[in-house]
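Undergrad: Before anything else, here's the structure in question.
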Amino acid sequence: MIRFSRSYTTVAASICKSYNCIPGPKSYPLLGSVPNYFPLIGKYDPTNVVKSGIIKFHEFGPIIKESFFGQEIVFLYDPADIETLFRQGSNNRRSHITLAHIRKASQDHINGGILVENGPAWAQLRSGSQQALTSEAFEKYLPKFDEFTMRLIGKINSDKNTQKVLEKDFLLALNAHSCDSVCYMLFGSELDSINDVLNAEALTTKVIESAAYFNRMMATMDNGPMLWKKFPSQLYNKLKKCMDDVELIPKREVYSRMTNKSLANGPGILNSWIHEGVKESKTMITLLSDLLLAGIDTTSYTLAFVLYNLSVNKRVQDKLYEELRLIDPELKRRIPLSLETLSRATYLKRVVKESMRLYPVSVGTSRVLEEPCVIAGYRLPENTTVITMNQVTSRLDEYVDKALEFIPERYEANSGFRKIRPFTSLPFGHGPRACIGRRIAESSMYSFLFRLMRNYEIEWVGSKPLGFVTHSLTEPDAPLLFRFTPRDS
Ligand code: HEM
């Protein structure tokens, strides 16, 4: 059965154009589009996926096909077509190929994990983890997350050693906070990564750096000719070592509880799994490692861009401060944070939403079609890999008014801005395979920003504006250089 996109439901399949007619950059034998990204002779910058995407959109339109070393990919830019893709219902993704390969060769895993698997194997892993990551589950962790934030805030202006390090790159603090929060939620243990920031040998520092490096280099490995599958390269071995490091904490925590079940008392997803007693230790290690890998730098990069946007938009920062002061009027006797308190911070949520429109950690989302489908008038066969280019779409005036400006008010009713069409910005993906940590990530970012922005005014002191660079994730392209001035009321 062929499915039709919104605009083609009444058009006979026969008049839809063939897959081969989808436009795209020049393709070369064996390499496909790769030479188009070569330095000097190529038209597109491989390190700036968004800029290249905008050029290609204007050259070829909203649907583009490219091949990389024989792997064909269809890219979508129009929100209507992105909607068609998701309504089509495929939940398969072609991602984390290197991770899949590392795990297949290892004794420590019985499956590739939630990031890697497709079909029934993925569905089983997903349904067995979903419950632990809802907003309701998050509420239990919120007081502790808030404590981690207060600990960090306390260090910004008082602990001189930490302060010196954080002044050079505040991303270290954001990583530490994300690591502490994710680990508390997974294991119910307090790690105090913020103190470890000064110690390159500390376990948490190793885990944070290894997860970030793995995520950064994964795209290079997954999108190349993959010769490393036959001849393990230096980079492949390094990524394997990174995964060993990421798994250190999950292994330690799982094995200790398997030998002594009394350690499984207290909060944390692992403790509840141990009590349920249905998961094998290898499955728990795989899932917990996936959550660490997917949860730390996604959250810290997102927060990095929110803070940057606030630091260079004084009007927005002042308005946010006023909102937070109304909710929490006495700085000294801080109110306890709950989901209910956070739900009153509506401007804060718009600030985060606007920042994620412009700086989502993922340029888009990929799906592999489980059945043939018509999108934008072209017939796409089963097994086609499709990538939505939401970050590019979100930055085009064709789809968003004043697209490059940071304006949280655009989400207010009667703002005067054109309503942004659904499926334009999807920072957490969409559908049953969307980010499993979304609710936790959102609430933890709101709580972090609530305290930080209630306590400090922040300014950007970098010598030039912060940009972004896209590896597998979209990251800040320079250290985060902020000045923090305490608020006195
Ligand atoms: C601001 C923070 C975060 C952002 C922007 C983000 C974004 C994303 C995106 C775009 C996807 C792909 C969704 C799709 O294919 O439709 C994803 C998947 C995933 N995320 Fe997140 N994420 C964040 C935080 C987290 C956290 C805190 C965790 C866990 C603790 C997490 C765990 C996962 C997992 C396990 C997947 C794979 C889900 C699956 O394939 O079923 N993420 N995330």
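If you're wondering about the labels, chains in the structure tokens are A, B, ... by order shown, residues count from 1 in each chain, ligands from 1 in order shown.
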List all protein, DNA and RNA residues that have at least one atom no more than 6 Å from any atom of ligand 1, counting only C-alpha atoms and all ligand atoms, and write them as a PyMOL selection string.
TA: chain A and resi 114-115+126+182+290-291+294-295+298-299+302+361-362+365+427-430+433-438+441
Undergrad: I want to know what sits within 10 Å of A:Arg344, based on only C-alpha atoms, with residues of the same chain fewer than 3 positions away left out; could you give that as an NGL selection string?
TA: :A and (323-324 or 327 or 339-341 or 347-349)
Undergrad: Output the selection as a compact mmCIF listing (two decimals), in the first residue's frame - N, CA and C atoms for each residue.
TA:
# COMPACT_ATOMS: atom_id res chain seq x y z
N GLU A 323 9.46 37.70 36.16
CA GLU A 323 8.53 36.57 36.34
C GLU A 323 8.97 35.71 37.53
N LEU A 324 10.26 35.40 37.59
CA LEU A 324 10.75 34.51 38.65
C LEU A 324 10.63 35.19 40.02
N ILE A 327 7.16 34.91 41.34
CA ILE A 327 6.84 33.56 41.84
C ILE A 327 7.60 33.28 43.14
N LEU A 339 6.53 20.73 40.41
CA LEU A 339 6.07 20.88 39.02
C LEU A 339 5.04 22.01 38.94
N GLU A 340 4.28 22.16 40.05
CA GLU A 340 3.25 23.21 40.06
C GLU A 340 3.91 24.60 40.02
N THR A 341 4.97 24.78 40.81
CA THR A 341 5.68 26.08 40.80
C THR A 341 6.23 26.34 39.41
N TYR A 347 6.89 32.29 31.02
CA TYR A 347 7.87 32.96 30.15
C TYR A 347 9.16 32.13 30.07
N LEU A 348 9.54 31.55 31.21
CA LEU A 348 10.72 30.68 31.22
C LEU A 348 10.58 29.58 30.17
N LYS A 349 9.40 28.99 30.11
CA LYS A 349 9.19 27.89 29.14
C LYS A 349 9.29 28.40 27.71
Undergrad: So, counting only C-alpha atoms, which residue among A:Leu270, A:Leu342, A:Val316, A:Ala403 is closest to A:Arg357?
TA: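 Closest candidate: A:Ala403.
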Undergrad: Using only C-alpha atoms, tabulate the residues of stretch 199-287 of chain A lying at most 9 Å from any atom of stretch 129-143 of chain A, each with its closest atom pair and that distance in Å to one decimal, by chain and increasing residue number, as CSV.
TA:
residue,atom,partner,partner_atom,distance
A:Pro267,CA,A:Tyr141,CA,8.0
A:Gly268,CA,A:Tyr141,CA,8.5
A:Ile269,CA,A:Ala132,CA,6.1
A:Ser272,CA,A:Ala132,CA,8.5
A:Leu287,CA,A:Ser129,CA,8.2
Undergrad: Write out as a ChimeraX atom specification all residues of stretch 206-388 of chain A that DSSP puts in strand (DSSP E or B) for this structure's backbone.
TA: /A:366-368,373-375,378-380,385-388
Undergrad: Have a look at A:Pro432, A:Gly277, A:Pro479, A:Gly462 and name the one nearest to A:Phe86; count only C-alpha atoms.
TA: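 Among the listed residues, the smallest separation from A:Phe86 belongs to A:Pro432.
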Undergrad: Do you have the atom CA of A:His177-atom CA of A:Phe148 distance handy?
TA: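 The value is 6.8 Å.
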Undergrad: Considering only C-alpha atoms, return as a PyMOL selection string whatever protein or nucleic-acid residues lie within 10 Å of A:Leu174, sequence-local ones (same chain, fewer than 5 positions apart) excluded.
TA: chain A and resi 149+152+166+169+179-180+194+296-297+299-304+448
Undergrad: Write out, as a PDB file, in the first residue's frame, the residues just selected, with N, CA and C atoms.
TA:
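Output file out.pdb is given in full below:
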ATOM      1  N   THR A 149      21.632  22.188  41.986  1.00  0.00           N
ATOM      2  CA  THR A 149      21.730  23.537  41.396  1.00  0.00           C
ATOM      3  C   THR A 149      22.230  24.522  42.440  1.00  0.00           C
ATOM      4  N   LEU A 152      25.870  24.232  42.965  1.00  0.00           N
ATOM      5  CA  LEU A 152      26.622  24.868  41.873  1.00  0.00           C
ATOM      6  C   LEU A 152      26.600  26.396  42.011  1.00  0.00           C
ATOM      7  N   LEU A 166      35.419  27.635  36.021  1.00  0.00           N
ATOM      8  CA  LEU A 166      34.134  27.905  35.367  1.00  0.00           C
ATOM      9  C   LEU A 166      34.180  29.180  34.533  1.00  0.00           C
ATOM     10  N   ASP A 169      35.193  28.217  31.036  1.00  0.00           N
ATOM     11  CA  ASP A 169      34.170  27.558  30.214  1.00  0.00           C
ATOM     12  C   ASP A 169      33.054  27.041  31.126  1.00  0.00           C
ATOM     13  N   CYS A 179      25.198  15.609  34.600  1.00  0.00           N
ATOM     14  CA  CYS A 179      25.673  14.278  34.997  1.00  0.00           C
ATOM     15  C   CYS A 179      25.118  13.919  36.372  1.00  0.00           C
ATOM     16  N   ASP A 180      25.204  14.857  37.317  1.00  0.00           N
ATOM     17  CA  ASP A 180      24.680  14.587  38.660  1.00  0.00           C
ATOM     18  C   ASP A 180      23.184  14.271  38.612  1.00  0.00           C
ATOM     19  N   ILE A 194      30.289  18.397  40.362  1.00  0.00           N
ATOM     20  CA  ILE A 194      30.744  19.785  40.333  1.00  0.00           C
ATOM     21  C   ILE A 194      32.061  19.929  41.104  1.00  0.00           C
ATOM     22  N   ILE A 296      23.359  13.397  29.000  1.00  0.00           N
ATOM     23  CA  ILE A 296      24.216  14.413  29.635  1.00  0.00           C
ATOM     24  C   ILE A 296      24.430  15.621  28.718  1.00  0.00           C
ATOM     25  N   ASP A 297      25.090  15.418  27.582  1.00  0.00           N
ATOM     26  CA  ASP A 297      25.444  16.624  26.809  1.00  0.00           C
ATOM     27  C   ASP A 297      24.270  17.207  26.025  1.00  0.00           C
ATOM     28  N   THR A 299      21.423  17.773  27.316  1.00  0.00           N
ATOM     29  CA  THR A 299      20.862  18.759  28.254  1.00  0.00           C
ATOM     30  C   THR A 299      21.825  19.931  28.446  1.00  0.00           C
ATOM     31  N   SER A 300      23.124  19.632  28.573  1.00  0.00           N
ATOM     32  CA  SER A 300      24.034  20.752  28.855  1.00  0.00           C
ATOM     33  C   SER A 300      24.214  21.655  27.630  1.00  0.00           C
ATOM     34  N   TYR A 301      24.222  21.115  26.426  1.00  0.00           N
ATOM     35  CA  TYR A 301      24.321  21.996  25.240  1.00  0.00           C
ATOM     36  C   TYR A 301      23.059  22.860  25.117  1.00  0.00           C
ATOM     37  N   THR A 302      21.912  22.239  25.398  1.00  0.00           N
ATOM     38  CA  THR A 302      20.670  23.021  25.313  1.00  0.00           C
ATOM     39  C   THR A 302      20.707  24.175  26.306  1.00  0.00           C
ATOM     40  N   LEU A 303      21.126  23.860  27.548  1.00  0.00           N
ATOM     41  CA  LEU A 303      21.213  24.923  28.559  1.00  0.00           C
ATOM     42  C   LEU A 303      22.244  25.980  28.167  1.00  0.00           C
ATOM     43  N   ALA A 304      23.331  25.541  27.552  1.00  0.00           N
ATOM     44  CA  ALA A 304      24.373  26.490  27.133  1.00  0.00           C
ATOM     45  C   ALA A 304      23.777  27.548  26.205  1.00  0.00           C
ATOM     46  N   PHE A 448      16.643  24.219  36.892  1.00  0.00           N
ATOM     47  CA  PHE A 448      17.999  24.780  36.913  1.00  0.00           C
ATOM     48  C   PHE A 448      17.964  26.282  36.575  1.00  0.00           C
TER      49      PHE A 448
END
Undergrad: Counting only C-alpha atoms, give me one row per residue of stretch 56-129 of chain A with an atom at most 10 Å from an atom of stretch 25-45 of chain A, showing the shortest contact pair and its distance in Å to one decimal, sorted by chain then residue number, as a Markdown table.
TA:
| residue | atom | partner | partner_atom | distance |
| --- | --- | --- | --- | --- |
| A:Lys56 | CA | A:Pro25 | CA | 7.8 |
| A:Glu59 | CA | A:Pro25 | CA | 8.8 |
| A:Phe60 | CA | A:Pro25 | CA | 8.1 |
| A:Ile64 | CA | A:Pro25 | CA | 8.2 |
| A:Lys65 | CA | A:Pro25 | CA | 7.8 |
| A:Glu66 | CA | A:Ser33 | CA | 6.0 |
| A:Ser67 | CA | A:Gly32 | CA | 4.9 |
| A:Phe68 | CA | A:Gly32 | CA | 5.2 |
| A:Phe69 | CA | A:Leu31 | CA | 4.7 |
| A:Gly70 | CA | A:Leu30 | CA | 6.3 |
| A:Gln71 | CA | A:Gly32 | CA | 8.5 |
| A:Glu72 | CA | A:Gly32 | CA | 8.6 |
Undergrad: Determine which residues of stretch 207-342 of chain A receive a DSSP assignment of helix (DSSP H, G or I), computed from the backbone, and state them as a VMD selection string.
TA: chain A and resid 207 to 223 227 to 229 234 to 246 248 to 259 261 to 264 269 to 276 281 to 311 314 to 327 339 to 342
Undergrad: Looking at A:Leu248, A:Leu452, A:Leu227, A:Val363, which one is nearest to A:Thr286, with distances taken over only C-alpha atoms?
TA: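 Of all the options, A:Leu248 lies closest to A:Thr286.
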Undergrad: List as a list in words the protein and nucleic acid residues near stretch 377-394 of chain A, meaning an atom at most 6 Å away when only C-alpha atoms are counted, but skip any in the same chain fewer than 4 places from it.
TA: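 Once the nearby chain positions are removed, what remains is Cys16, Lys17, Ser18, Tyr19, Val50, Ile73, Val74, Phe75, Leu76, Tyr77, Val363, Gly364, Thr365, Ser366, Arg367, Val368, Leu369, Glu370, Glu371, Pro372, Cys373, Thr424 and Ser425 of chain A.
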Undergrad: Using only N, CA and C atoms, please write the residues we just selected to a file, as a tab-separated table (two decimals), in the first residue's frame.
TA:
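For reference, result_33.tsv as written:
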chain	number	residue	atom	x	y	z
A	16	CYS	N	2.44	10.63	-9.63
A	16	CYS	CA	3.51	11.04	-8.73
A	16	CYS	C	4.85	10.76	-9.40
A	17	LYS	N	5.82	11.60	-9.05
A	17	LYS	CA	7.11	11.45	-9.72
A	17	LYS	C	7.92	10.34	-9.07
A	18	SER	N	8.84	9.81	-9.88
A	18	SER	CA	9.60	8.67	-9.36
A	18	SER	C	10.69	9.14	-8.40
A	19	TYR	N	11.10	8.22	-7.57
A	19	TYR	CA	12.15	8.47	-6.57
A	19	TYR	C	13.41	9.05	-7.22
A	50	VAL	N	23.87	23.37	8.90
A	50	VAL	CA	22.73	24.27	8.76
A	50	VAL	C	22.94	25.22	7.58
A	73	ILE	N	20.07	9.19	1.06
A	73	ILE	CA	19.25	9.82	2.11
A	73	ILE	C	18.37	10.89	1.47
A	74	VAL	N	17.10	10.93	1.89
A	74	VAL	CA	16.20	11.99	1.43
A	74	VAL	C	16.04	12.98	2.58
A	75	PHE	N	16.25	14.27	2.29
A	75	PHE	CA	16.15	15.32	3.32
A	75	PHE	C	14.87	16.12	3.11
A	76	LEU	N	14.14	16.36	4.20
A	76	LEU	CA	12.88	17.13	4.11
A	76	LEU	C	13.00	18.45	4.86
A	77	TYR	N	12.48	19.52	4.25
A	77	TYR	CA	12.54	20.85	4.86
A	77	TYR	C	11.14	21.43	5.14
A	363	VAL	N	19.98	18.44	14.48
A	363	VAL	CA	19.50	19.20	13.30
A	363	VAL	C	18.11	18.73	12.90
A	364	GLY	N	17.91	17.42	13.01
A	364	GLY	CA	16.60	16.86	12.63
A	364	GLY	C	16.48	15.45	13.16
A	365	THR	N	15.55	14.72	12.61
A	365	THR	CA	15.27	13.36	13.08
A	365	THR	C	15.29	12.44	11.88
A	366	SER	N	15.76	11.22	12.07
A	366	SER	CA	15.76	10.32	10.90
A	366	SER	C	14.79	9.16	11.12
A	367	ARG	N	14.24	8.71	10.03
A	367	ARG	CA	13.39	7.51	10.05
A	367	ARG	C	13.68	6.69	8.80
A	368	VAL	N	13.53	5.37	8.95
A	368	VAL	CA	13.66	4.49	7.79
A	368	VAL	C	12.25	4.01	7.46
A	369	LEU	N	11.80	4.24	6.23
A	369	LEU	CA	10.41	3.92	5.88
A	369	LEU	C	10.14	2.41	5.98
A	370	GLU	N	9.08	2.07	6.70
A	370	GLU	CA	8.73	0.65	6.82
A	370	GLU	C	7.85	0.21	5.66
A	371	GLU	N	7.28	1.19	4.95
A	371	GLU	CA	6.51	0.86	3.74
A	371	GLU	C	6.62	2.03	2.75
A	372	PRO	N	6.30	1.81	1.46
A	372	PRO	CA	6.42	2.89	0.49
A	372	PRO	C	5.51	4.06	0.86
A	373	CYS	N	5.88	5.25	0.43
A	373	CYS	CA	5.14	6.43	0.85
A	373	CYS	C	5.32	7.53	-0.19
A	424	THR	N	7.47	22.18	12.52
A	424	THR	CA	8.57	23.04	12.08
A	424	THR	C	9.78	22.82	12.99
A	425	SER	N	9.52	22.92	14.30
A	425	SER	CA	10.60	22.73	15.27
A	425	SER	C	10.28	21.48	16.09
Undergrad: For A:Ser289, please output as a PyMOL selection string all residues within 8 Å (counting only C-alpha atoms; exclusion window: fewer than 4 positions along the same chain).
TA: chain A and resi 246-247+250+285+293
Undergrad: With only C-alpha atoms as the basis for distance, which of A:Lys282, A:Asn223, A:Tyr308, A:Lys464 is at the shortest distance from A:Phe406?
TA: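 Result for the nearest residue to A:Phe406: A:Tyr308.
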Undergrad: Any idea what's packed within 8 Å of A:Asn48, counting only C-alpha atoms, ignoring anything in its chain fewer than 3 positions away? Could you give it as a ChimeraX atom specification?
TA: /A:45,51-52,469-470
Undergrad: Please, could you write that set of residues out with N, CA and C atoms as a PDB file, in the first residue's frame?
TA:
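The resulting file, selection01.pdb, is reproduced below:
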ATOM      1  N   ASP A  45      29.833  23.287   3.232  1.00  0.00           N
ATOM      2  CA  ASP A  45      30.737  23.164   4.369  1.00  0.00           C
ATOM      3  C   ASP A  45      30.288  21.981   5.241  1.00  0.00           C
ATOM      4  N   LYS A  51      24.153  25.821   7.529  1.00  0.00           N
ATOM      5  CA  LYS A  51      24.449  26.745   6.422  1.00  0.00           C
ATOM      6  C   LYS A  51      24.362  25.996   5.083  1.00  0.00           C
ATOM      7  N   SER A  52      24.942  24.809   5.028  1.00  0.00           N
ATOM      8  CA  SER A  52      24.890  24.020   3.789  1.00  0.00           C
ATOM      9  C   SER A  52      23.434  23.679   3.457  1.00  0.00           C
ATOM     10  N   VAL A 469      28.422  24.461  16.185  1.00  0.00           N
ATOM     11  CA  VAL A 469      29.033  23.564  15.219  1.00  0.00           C
ATOM     12  C   VAL A 469      28.290  22.232  15.329  1.00  0.00           C
ATOM     13  N   THR A 470      28.048  21.600  14.184  1.00  0.00           N
ATOM     14  CA  THR A 470      27.291  20.352  14.214  1.00  0.00           C
ATOM     15  C   THR A 470      28.218  19.170  13.943  1.00  0.00           C
TER      16      THR A 470
END
Undergrad: Using only C-alpha atoms, which protein or nucleic acid residues come within 12 Å of A:Leu326? Drop anything in the same chain fewer than 2 positions from it, and give the result as a compact mmCIF listing (two decimals) with N, CA and C atoms, in the first residue's frame.
TA:
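Printed below is result_12.txt as written:
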# COMPACT_ATOMS: atom_id res chain seq x y z
N LYS A 319 12.87 40.48 31.73
CA LYS A 319 11.46 40.06 31.81
C LYS A 319 11.35 38.70 32.53
N LEU A 320 12.30 37.83 32.23
CA LEU A 320 12.30 36.53 32.89
C LEU A 320 12.54 36.71 34.40
N TYR A 321 13.49 37.56 34.73
CA TYR A 321 13.80 37.80 36.15
C TYR A 321 12.54 38.29 36.88
N GLU A 322 11.81 39.19 36.26
CA GLU A 322 10.59 39.72 36.89
C GLU A 322 9.59 38.59 37.15
N GLU A 323 9.46 37.70 36.16
CA GLU A 323 8.53 36.57 36.34
C GLU A 323 8.97 35.71 37.53
N LEU A 324 10.26 35.40 37.59
CA LEU A 324 10.75 34.51 38.65
C LEU A 324 10.63 35.19 40.02
N ASP A 328 8.83 33.75 43.23
CA ASP A 328 9.70 33.46 44.37
C ASP A 328 10.23 34.79 44.93
N PRO A 329 9.37 35.51 45.71
CA PRO A 329 9.72 36.90 46.05
C PRO A 329 10.89 37.05 47.02
N GLU A 330 11.11 36.05 47.89
CA GLU A 330 12.16 36.25 48.89
C GLU A 330 13.36 35.37 48.58
N LEU A 331 14.39 36.00 48.09
CA LEU A 331 15.58 35.25 47.67
C LEU A 331 16.16 34.39 48.79
N ILE A 335 11.51 29.35 47.80
CA ILE A 335 10.37 28.46 47.82
C ILE A 335 10.78 27.08 47.32
N THR A 341 4.97 24.78 40.81
CA THR A 341 5.68 26.08 40.80
C THR A 341 6.23 26.34 39.41
N ARG A 344 4.05 27.65 36.67
CA ARG A 344 3.67 29.07 36.66
C ARG A 344 4.70 29.92 35.90
N ALA A 345 5.87 29.36 35.64
CA ALA A 345 6.91 30.13 34.96
C ALA A 345 6.73 30.03 33.44
N PHE A 450 15.44 28.30 36.66
CA PHE A 450 14.67 29.05 37.65
C PHE A 450 15.60 29.57 38.73
N ARG A 454 17.16 33.40 38.93
CA ARG A 454 16.60 34.11 40.09
C ARG A 454 17.75 34.70 40.91
N SER A 489 18.01 41.06 45.43
CA SER A 489 16.63 40.95 45.91
C SER A 489 15.87 39.97 45.02
Undergrad: Have a look at A:Glu459, A:Asp222, A:Asp78, A:Glu405 and name the one nearest to A:Val312; count only C-alpha atoms.
TA: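 Among the listed residues, A:Glu459 lies closest to A:Val312.
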